[in-house]
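Structure below is work-v7.cif: mmCIF, C-alpha atoms.
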```cif
data_final
loop_
_atom_site.label_atom_id
_atom_site.label_comp_id
_atom_site.auth_asym_id
_atom_site.auth_seq_id
_atom_site.Cartn_x
_atom_site.Cartn_y
_atom_site.Cartn_z
CA MET N 1109 66.36 -97.92 -146.39
CA GLN N 1110 67.57 -101.40 -147.01
CA THR N 1111 66.78 -102.34 -143.45
CA ASN N 1112 63.27 -100.99 -143.85
CA ASP N 1113 62.80 -103.10 -146.97
CA ILE N 1114 63.90 -106.20 -145.09
CA VAL N 1115 61.50 -105.47 -142.25
CA LEU N 1116 58.69 -104.83 -144.71
CA THR N 1117 59.45 -108.07 -146.53
CA ILE N 1118 59.41 -110.00 -143.24
CA VAL N 1119 56.10 -108.40 -142.28
CA VAL N 1120 54.56 -109.23 -145.66
CA ILE N 1121 55.83 -112.80 -145.57
CA THR N 1122 54.58 -113.21 -142.01
CA PHE N 1123 51.19 -111.81 -143.01
CA VAL N 1124 50.99 -114.15 -146.00
CA ILE N 1125 51.94 -117.13 -143.81
CA LEU N 1126 49.28 -116.14 -141.26
CA LEU N 1127 46.73 -115.85 -144.08
CA LEU N 1128 47.71 -119.30 -145.34
CA ILE N 1129 47.47 -120.76 -141.84
CA ALA N 1130 44.08 -119.06 -141.33
CA GLY N 1131 42.95 -120.38 -144.72
CA VAL N 1132 44.01 -123.92 -143.79
CA ILE N 1133 42.25 -123.66 -140.43
CA ILE N 1134 39.08 -122.28 -142.01
CA THR N 1135 39.17 -125.00 -144.67
CA MET N 1136 39.58 -127.68 -141.97
CA ILE N 1137 36.72 -126.19 -139.94
CA ILE N 1138 34.43 -126.11 -143.01
CA ALA N 1139 35.44 -129.66 -144.00
CA ASN N 1140 34.90 -130.89 -140.45
CA LYS N 1141 31.54 -129.15 -140.29
CA LYS N 1142 30.48 -130.79 -143.54
CA HIS N 1143 31.73 -134.13 -142.23
CA VAL N 1144 29.73 -133.73 -139.01
CA GLN N 1145 26.65 -132.68 -140.99
CA GLN N 1146 27.09 -135.72 -143.22
CA GLU N 1147 27.42 -137.99 -140.19
CA VAL N 1148 24.31 -136.45 -138.63
CA LYS N 1149 22.47 -136.92 -141.90
CA MET N 1150 23.61 -140.55 -142.18
CA THR N 1151 22.66 -141.20 -138.55
CA GLN N 1152 19.22 -139.69 -139.11
CA MET N 1153 18.79 -141.76 -142.29
CA GLN N 1154 19.74 -144.88 -140.32
CA LEU N 1155 17.29 -143.98 -137.54
CA ASP N 1156 14.54 -143.32 -140.10
CA TYR N 1157 15.32 -146.64 -141.80
CA GLU N 1158 15.22 -148.55 -138.51
CA LYS N 1159 11.96 -146.85 -137.55
CA GLU N 1160 10.45 -147.69 -140.93
CA LEU N 1161 11.68 -151.26 -140.55
CA ARG N 1162 10.03 -151.54 -137.13
CA VAL N 1163 6.80 -150.15 -138.58
CA VAL N 1164 6.86 -152.78 -141.33
CA GLU N 1165 7.65 -155.54 -138.80
CA ASN N 1166 4.78 -154.36 -136.65
CA GLU N 1167 2.40 -154.31 -139.63
CA VAL N 1168 3.42 -157.86 -140.57
CA GLN N 1169 2.90 -159.06 -136.98
CA GLU N 1170 -0.50 -157.38 -136.81
CA GLU N 1171 -1.54 -158.91 -140.12
CA THR N 1172 -0.49 -162.35 -138.85
CA LEU N 1173 -2.46 -161.89 -135.63
CA SER N 1174 -5.49 -160.73 -137.60
CA ASN N 1175 -5.28 -163.85 -139.77
CA VAL N 1176 -5.11 -166.03 -136.66
CA ALA N 1177 -8.09 -164.15 -135.22
CA ARG N 1178 -10.12 -164.76 -138.35
CA GLU N 1179 -9.21 -168.45 -138.33
CA LEU N 1180 -10.29 -168.72 -134.69
CA HIS N 1181 -13.58 -166.97 -135.34
CA ASP N 1182 -14.48 -168.37 -138.76
CA ASN N 1183 -13.16 -171.93 -138.54
CA ILE N 1184 -12.50 -173.03 -134.96
CA GLY N 1185 -15.50 -171.11 -133.62
CA GLN N 1186 -17.80 -172.61 -136.25
CA LEU N 1187 -16.52 -176.14 -135.61
CA LEU N 1188 -17.11 -175.78 -131.87
CA THR N 1189 -20.60 -174.43 -132.52
CA LEU N 1190 -21.30 -177.38 -134.84
CA ILE N 1191 -20.18 -179.83 -132.12
CA ARG N 1192 -22.53 -178.16 -129.65
CA ILE N 1193 -25.45 -178.40 -132.10
CA GLN N 1194 -24.71 -182.10 -132.64
CA LEU N 1195 -24.67 -182.72 -128.88
CA GLU N 1196 -27.99 -180.94 -128.51
CA GLN N 1197 -29.51 -183.02 -131.32
CA GLU N 1198 -28.27 -186.29 -129.80
CA SER N 1199 -29.76 -185.48 -126.40
CA PHE N 1200 -32.93 -183.76 -127.63
CA ASP N 1201 -35.21 -186.75 -127.01
CA ASP N 1202 -33.22 -188.30 -124.16
CA GLN N 1203 -33.39 -186.34 -120.93
CA GLU N 1204 -31.04 -188.70 -119.12
CA LEU N 1205 -28.40 -188.24 -121.83
CA ALA N 1206 -29.04 -184.49 -121.80
CA ASP N 1207 -28.32 -184.41 -118.05
CA LYS N 1208 -25.09 -186.35 -118.53
CA LEU N 1209 -23.96 -184.07 -121.34
CA ALA N 1210 -24.91 -180.85 -119.52
CA PRO N 1211 -21.42 -180.29 -117.97
CA ALA N 1212 -19.76 -180.90 -121.34
CA ASP N 1213 -22.24 -178.56 -123.01
CA SER N 1214 -21.50 -175.87 -120.43
CA THR N 1215 -17.74 -176.28 -120.91
CA LEU N 1216 -18.16 -176.17 -124.68
CA ASN N 1217 -20.23 -173.01 -124.41
CA ASP N 1218 -17.51 -171.38 -122.28
CA THR N 1219 -14.89 -172.48 -124.83
CA ILE N 1220 -16.85 -170.92 -127.69
CA GLU N 1221 -17.11 -167.67 -125.75
CA GLN N 1222 -13.36 -167.70 -124.96
CA VAL N 1223 -12.52 -168.31 -128.63
CA ARG N 1224 -14.76 -165.40 -129.60
CA LEU N 1225 -13.17 -163.05 -127.05
CA LEU N 1226 -9.66 -164.21 -127.95
CA SER N 1227 -10.31 -163.63 -131.65
CA HIS N 1228 -11.41 -160.08 -130.81
CA SER N 1229 -8.29 -159.42 -128.73
CA LEU N 1230 -6.07 -160.59 -131.61
CA ASN N 1231 -7.97 -158.84 -134.40
CA THR N 1232 -6.30 -155.55 -135.36
CA ASP N 1233 -9.46 -154.16 -136.98
CA HIS N 1234 -11.47 -154.78 -133.80
CA ILE N 1235 -8.78 -153.08 -131.70
CA ALA N 1236 -8.62 -150.11 -134.08
CA GLN N 1237 -12.37 -149.57 -133.76
CA SER N 1238 -12.44 -149.73 -129.95
CA GLY N 1239 -11.39 -147.21 -127.32
CA PHE N 1240 -8.24 -147.98 -125.33
CA ILE N 1241 -10.00 -148.13 -121.94
CA ALA N 1242 -12.69 -150.39 -123.42
CA LEU N 1243 -9.99 -152.69 -124.84
CA ILE N 1244 -8.25 -153.02 -121.46
CA ASP N 1245 -11.59 -153.63 -119.78
CA LYS N 1246 -12.55 -156.40 -122.21
CA GLU N 1247 -9.16 -158.08 -121.85
CA VAL N 1248 -9.39 -157.89 -118.04
CA ASN N 1249 -12.85 -159.48 -118.17
CA ARG N 1250 -11.65 -162.20 -120.55
CA LEU N 1251 -8.64 -163.13 -118.43
CA SER N 1252 -10.62 -162.88 -115.19
CA SER N 1253 -13.06 -165.47 -116.52
CA LEU N 1254 -10.16 -167.94 -116.83
CA LYS N 1255 -9.81 -167.67 -113.01
CA ARG N 1256 -6.02 -167.66 -113.13
CA LEU N 1257 -5.55 -163.98 -112.29
CA ARG N 1258 -7.24 -161.42 -110.07
CA PHE N 1259 -7.25 -157.85 -111.34
CA ASN N 1260 -7.35 -154.58 -109.42
CA TRP N 1261 -8.54 -152.23 -112.14
CA ASP N 1262 -10.29 -148.97 -111.46
CA LYS N 1263 -11.54 -148.07 -114.92
CA PRO N 1264 -11.35 -144.32 -115.69
CA ASN N 1265 -14.26 -142.60 -117.40
CA THR N 1266 -12.16 -140.58 -119.87
CA GLU N 1267 -10.64 -142.05 -123.01
CA PRO N 1268 -7.03 -140.99 -123.77
CA ASP N 1269 -6.49 -139.03 -126.99
CA ILE N 1270 -4.32 -141.51 -128.95
CA ASN N 1271 -4.69 -142.62 -132.55
CA LYS N 1272 -5.50 -146.19 -133.59
CA ASP N 1273 -1.88 -147.16 -134.39
CA LYS N 1274 -0.68 -146.15 -130.93
CA ARG N 1275 -3.74 -147.81 -129.40
CA ILE N 1276 -2.85 -151.10 -131.10
CA MET N 1277 0.79 -150.97 -130.00
CA LEU N 1278 -0.06 -150.06 -126.39
CA PHE N 1279 -2.65 -152.84 -126.22
CA ARG N 1280 -0.12 -155.38 -127.54
CA ILE N 1281 2.38 -154.26 -124.90
CA PHE N 1282 -0.29 -154.64 -122.23
CA GLN N 1283 -1.14 -158.14 -123.50
CA GLU N 1284 2.50 -159.21 -123.44
CA ILE N 1285 3.08 -157.85 -119.93
CA VAL N 1286 0.03 -159.66 -118.55
CA ASN N 1287 0.83 -162.85 -120.48
CA ASN N 1288 4.38 -162.89 -119.07
CA ALA N 1289 3.08 -162.26 -115.56
CA MET N 1290 0.68 -165.17 -115.87
CA LYS N 1291 2.88 -167.72 -117.66
CA HIS N 1292 6.42 -166.94 -116.52
CA ALA N 1293 6.15 -164.95 -113.28
CA GLY N 1294 3.39 -167.06 -111.74
CA ALA N 1295 1.50 -163.93 -110.69
CA LYS N 1296 -1.87 -164.21 -108.99
CA ASN N 1297 -2.75 -160.52 -108.75
CA ILE N 1298 -2.33 -157.67 -111.22
CA THR N 1299 -2.97 -154.00 -110.56
CA ILE N 1300 -3.60 -151.56 -113.42
CA ILE N 1301 -3.26 -147.85 -112.67
CA ILE N 1302 -3.81 -144.93 -115.03
CA ARG N 1303 -2.37 -141.84 -113.30
CA SER N 1304 -2.94 -139.46 -116.17
CA ILE N 1305 -4.97 -139.42 -119.39
CA ASN N 1306 -3.32 -136.63 -121.39
CA PRO N 1307 -0.41 -137.35 -121.39
CA LEU N 1308 -1.19 -141.00 -120.76
CA VAL N 1309 0.68 -142.82 -117.97
CA ILE N 1310 -0.09 -146.51 -117.38
CA THR N 1311 1.34 -148.64 -114.57
CA ILE N 1312 0.95 -152.43 -114.43
CA LYS N 1313 2.04 -154.23 -111.24
CA ASP N 1314 2.17 -157.96 -110.55
CA ASP N 1315 2.99 -160.10 -107.51
CA GLY N 1316 4.99 -162.70 -109.45
CA ILE N 1317 8.47 -164.07 -108.79
CA GLY N 1318 10.19 -161.06 -110.35
CA PHE N 1319 13.39 -161.14 -112.41
CA ASP N 1320 16.82 -159.58 -112.94
CA LEU N 1321 16.54 -157.72 -116.27
CA GLU N 1322 20.31 -157.31 -116.63
CA GLU N 1323 20.82 -161.05 -116.12
CA ILE N 1324 18.10 -161.87 -118.65
CA ASN N 1325 19.67 -159.57 -121.26
CA LYS N 1326 23.13 -161.10 -120.68
CA LYS N 1327 21.70 -164.56 -121.31
CA GLY N 1328 20.04 -163.36 -124.51
CA ARG N 1329 16.52 -164.02 -123.28
CA GLY N 1330 15.28 -160.43 -123.30
CA SER N 1331 13.79 -160.38 -126.81
CA GLY N 1332 10.28 -159.95 -125.40
CA PHE N 1333 11.32 -156.82 -123.50
CA THR N 1334 13.18 -155.55 -126.58
CA ASN N 1335 10.03 -155.93 -128.68
CA MET N 1336 7.96 -154.13 -126.05
CA ASN N 1337 10.47 -151.26 -126.01
CA LYS N 1338 10.37 -151.02 -129.81
CA ARG N 1339 6.57 -150.88 -129.81
CA ALA N 1340 6.64 -148.26 -127.06
CA GLU N 1341 9.10 -146.08 -129.01
CA LEU N 1342 6.97 -146.32 -132.16
CA ALA N 1343 3.99 -145.11 -130.13
CA ASN N 1344 6.07 -142.27 -128.61
CA PHE N 1345 5.98 -143.85 -125.16
CA LYS N 1346 8.74 -144.68 -122.70
CA LEU N 1347 8.68 -148.10 -121.04
CA GLU N 1348 10.25 -148.37 -117.59
CA ILE N 1349 10.65 -151.74 -115.86
CA GLU N 1350 11.27 -152.28 -112.16
CA SER N 1351 11.67 -155.82 -110.87
CA ASN N 1352 13.47 -157.77 -108.17
CA LYS N 1353 13.49 -161.50 -107.61
CA GLY N 1354 10.73 -162.45 -105.20
CA LYS N 1355 9.20 -158.96 -105.21
CA GLY N 1356 7.13 -158.83 -108.37
CA SER N 1357 7.39 -156.37 -111.25
CA ILE N 1358 6.23 -152.88 -112.16
CA PHE N 1359 5.87 -151.75 -115.78
CA THR N 1360 5.25 -148.05 -116.49
CA LEU N 1361 4.33 -146.63 -119.89
CA SER N 1362 4.65 -142.84 -120.13
CA GLN N 1363 3.66 -140.76 -123.14
CA PHE N 1364 6.31 -138.33 -124.42
#
```

Conversion result in structure tokens:
Amino acid sequence: MQTNDIVLTIVVITFVILLLIAGVIITMIIANKKHVQQEVKMTQMQLDYEKELRVVENEVQEETLSNVARELHDNIGQLLTLIRIQLEQESFDDQELADKLAPADSTLNDTIEQVRLLSHSLNTDHIAQSGFIALIDKEVNRLSSLKRLRFNWDKPNTEPDINKDKRIMLFRIFQEIVNNAMKHAGAKNITIIIRSINPLVITIKDDGIGFDLEEINKKGRGSGFTNMNKRAELANFKLEIESNKGKGSIFTLSQF
């Protein structure tokens, strides 16, 4: 009987120990789960904060560009128009002077038109009111008139279904890609391809000198690409870049 009591005591103690161990394990699992959930929550809060910060940065940049656009249109444009009127008045009764000033008048007229088009391409309100395909088409026409780039652009007939905020961000990315190709890559030809409308897939190719993206990032000169990626993410697009030195570059924007 005594032996049975000892065995029973051992069994009970063992059972209690197992319960305690199970309790500790369960407590650790619950605590760890809460910790993971808290980390996930904190990570999501950080991501939301960063996204909100990028939205604010984008809004500030767009407001700045709109202000510049208004200055170009309202002040610079008016001053150029006034100069042209003065030239016309000076040469109104002097045909010989009018003939001499004709090239300058033509150049001034082209400048006024370029200022007008540039102010439109910078003005957020104008972009918001225009269709994406129409925006690309106007920008292609504006840059083509500068005779520094040749564009291969087969304009589609269907407008993509994207809201004005995404339209603005995509157009800014397009502007930066083309500007870099013209100023830094020394490109002469640019091809614009839209493979799909819904979802939208845009490819922009240039025949410039190309670059090593990894090398640029290491040297801390990739801020332009970083900004393009941020804009793309805000618009729910993925930006892929392919480039090799001496072989041009390919930029692809794909809608999620």

Find the residues near Asn1217 of chain N: any atom within 12 Å, counting all atoms listed in the file, skip ones fewer than 6 places away on the same chain, and give them as an MDAnalysis selection string. chainID N and resid 1185 1188:1193 1195:1196 1210:1211 1223:1224

Written file, previous selection with C-alpha atoms, as a PDB file, keeping the file's coordinate frame:
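So the final result, stored in selection_39.pdb, reads:
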```pdb
ATOM      1  CA  GLY N1185     -15.500-171.110-133.620  1.00  0.00           C
ATOM      2  CA  LEU N1188     -17.110-175.780-131.870  1.00  0.00           C
ATOM      3  CA  THR N1189     -20.600-174.430-132.520  1.00  0.00           C
ATOM      4  CA  LEU N1190     -21.300-177.380-134.840  1.00  0.00           C
ATOM      5  CA  ILE N1191     -20.180-179.830-132.120  1.00  0.00           C
ATOM      6  CA  ARG N1192     -22.530-178.160-129.650  1.00  0.00           C
ATOM      7  CA  ILE N1193     -25.450-178.400-132.100  1.00  0.00           C
ATOM      8  CA  LEU N1195     -24.670-182.720-128.880  1.00  0.00           C
ATOM      9  CA  GLU N1196     -27.990-180.940-128.510  1.00  0.00           C
ATOM     10  CA  ALA N1210     -24.910-180.850-119.520  1.00  0.00           C
ATOM     11  CA  PRO N1211     -21.420-180.290-117.970  1.00  0.00           C
ATOM     12  CA  VAL N1223     -12.520-168.310-128.630  1.00  0.00           C
ATOM     13  CA  ARG N1224     -14.760-165.400-129.600  1.00  0.00           C
TER      14      ARG N1224
END
```

Might you pull out every residue within 10 Å of Ala1236 of chain N, with all atoms listed in the file counted and same-chain residues fewer than 4 positions away left off, and present them as a PyMOL selection string? chain N and resi 1231-1232+1240+1243+1271-1276

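Ranking N:Leu1209, N:Ile1349, N:Ile1270, N:Leu1278 by their shortest atom-to-atom distance to Ile1305 of chain N, with only C-alpha atoms included, puts N:Ile1270 first.
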
Do you know which residues are at most 6 Å from segment 1290-1300 of chain N counting only C-alpha atoms, after dropping those on the same chain fewer than 6 positions away, and could you put them as a compact mmCIF listing (two decimals) with C-alpha atoms, in the frame of the given file?
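In the end it all went to around.txt:
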```
# COMPACT_ATOMS: atom_id res chain seq x y z
CA LEU N 1257 -5.55 -163.98 -112.29
CA ARG N 1258 -7.24 -161.42 -110.07
CA PHE N 1259 -7.25 -157.85 -111.34
CA ASN N 1260 -7.35 -154.58 -109.42
CA TRP N 1261 -8.54 -152.23 -112.14
CA THR N 1311 1.34 -148.64 -114.57
CA ILE N 1312 0.95 -152.43 -114.43
CA LYS N 1313 2.04 -154.23 -111.24
CA ASP N 1314 2.17 -157.96 -110.55
CA ASP N 1315 2.99 -160.10 -107.51
CA GLY N 1316 4.99 -162.70 -109.45
CA ILE N 1317 8.47 -164.07 -108.79
```

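The two atoms in question, atom CA of Gln1186 of chain N and atom CA of Leu1230 of chain N, are spaced 17.4 Å apart.
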
Go ahead and find all residues with at least one atom no further than 12 Å from (15.4, -154.3, -126.1) in the file's coordinates, using only C-alpha atoms; report them as a ChimeraX atom specification. /N:1321-1322,1324-1326,1328-1341,1347-1349

Write a file of the just-selected residues containing C-alpha atoms, as a PDB file, in the frame of the given file.
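again.pdb was written with the following content:
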```
ATOM      1  CA  LEU N1321      16.540-157.720-116.270  1.00  0.00           C
ATOM      2  CA  GLU N1322      20.310-157.310-116.630  1.00  0.00           C
ATOM      3  CA  ILE N1324      18.100-161.870-118.650  1.00  0.00           C
ATOM      4  CA  ASN N1325      19.670-159.570-121.260  1.00  0.00           C
ATOM      5  CA  LYS N1326      23.130-161.100-120.680  1.00  0.00           C
ATOM      6  CA  GLY N1328      20.040-163.360-124.510  1.00  0.00           C
ATOM      7  CA  ARG N1329      16.520-164.020-123.280  1.00  0.00           C
ATOM      8  CA  GLY N1330      15.280-160.430-123.300  1.00  0.00           C
ATOM      9  CA  SER N1331      13.790-160.380-126.810  1.00  0.00           C
ATOM     10  CA  GLY N1332      10.280-159.950-125.400  1.00  0.00           C
ATOM     11  CA  PHE N1333      11.320-156.820-123.500  1.00  0.00           C
ATOM     12  CA  THR N1334      13.180-155.550-126.580  1.00  0.00           C
ATOM     13  CA  ASN N1335      10.030-155.930-128.680  1.00  0.00           C
ATOM     14  CA  MET N1336       7.960-154.130-126.050  1.00  0.00           C
ATOM     15  CA  ASN N1337      10.470-151.260-126.010  1.00  0.00           C
ATOM     16  CA  LYS N1338      10.370-151.020-129.810  1.00  0.00           C
ATOM     17  CA  ARG N1339       6.570-150.880-129.810  1.00  0.00           C
ATOM     18  CA  ALA N1340       6.640-148.260-127.060  1.00  0.00           C
ATOM     19  CA  GLU N1341       9.100-146.080-129.010  1.00  0.00           C
ATOM     20  CA  LEU N1347       8.680-148.100-121.040  1.00  0.00           C
ATOM     21  CA  GLU N1348      10.250-148.370-117.590  1.00  0.00           C
ATOM     22  CA  ILE N1349      10.650-151.740-115.860  1.00  0.00           C
TER      23      ILE N1349
END
```

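Using only C-alpha atoms, the protein and nucleic acid residues lying no more than 9 Å from Ser1304 of chain N, apart from those fewer than 5 places from it along its own chain, are Pro1268, Val1309 and Ile1310 of chain N.
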
Select, from N:Leu1127, N:Thr1360, N:Gly1354, N:Gln1222, the residue with the minimum atom-to-atom distance to Leu1251 of chain N, counting only C-alpha atoms. N:Gln1222
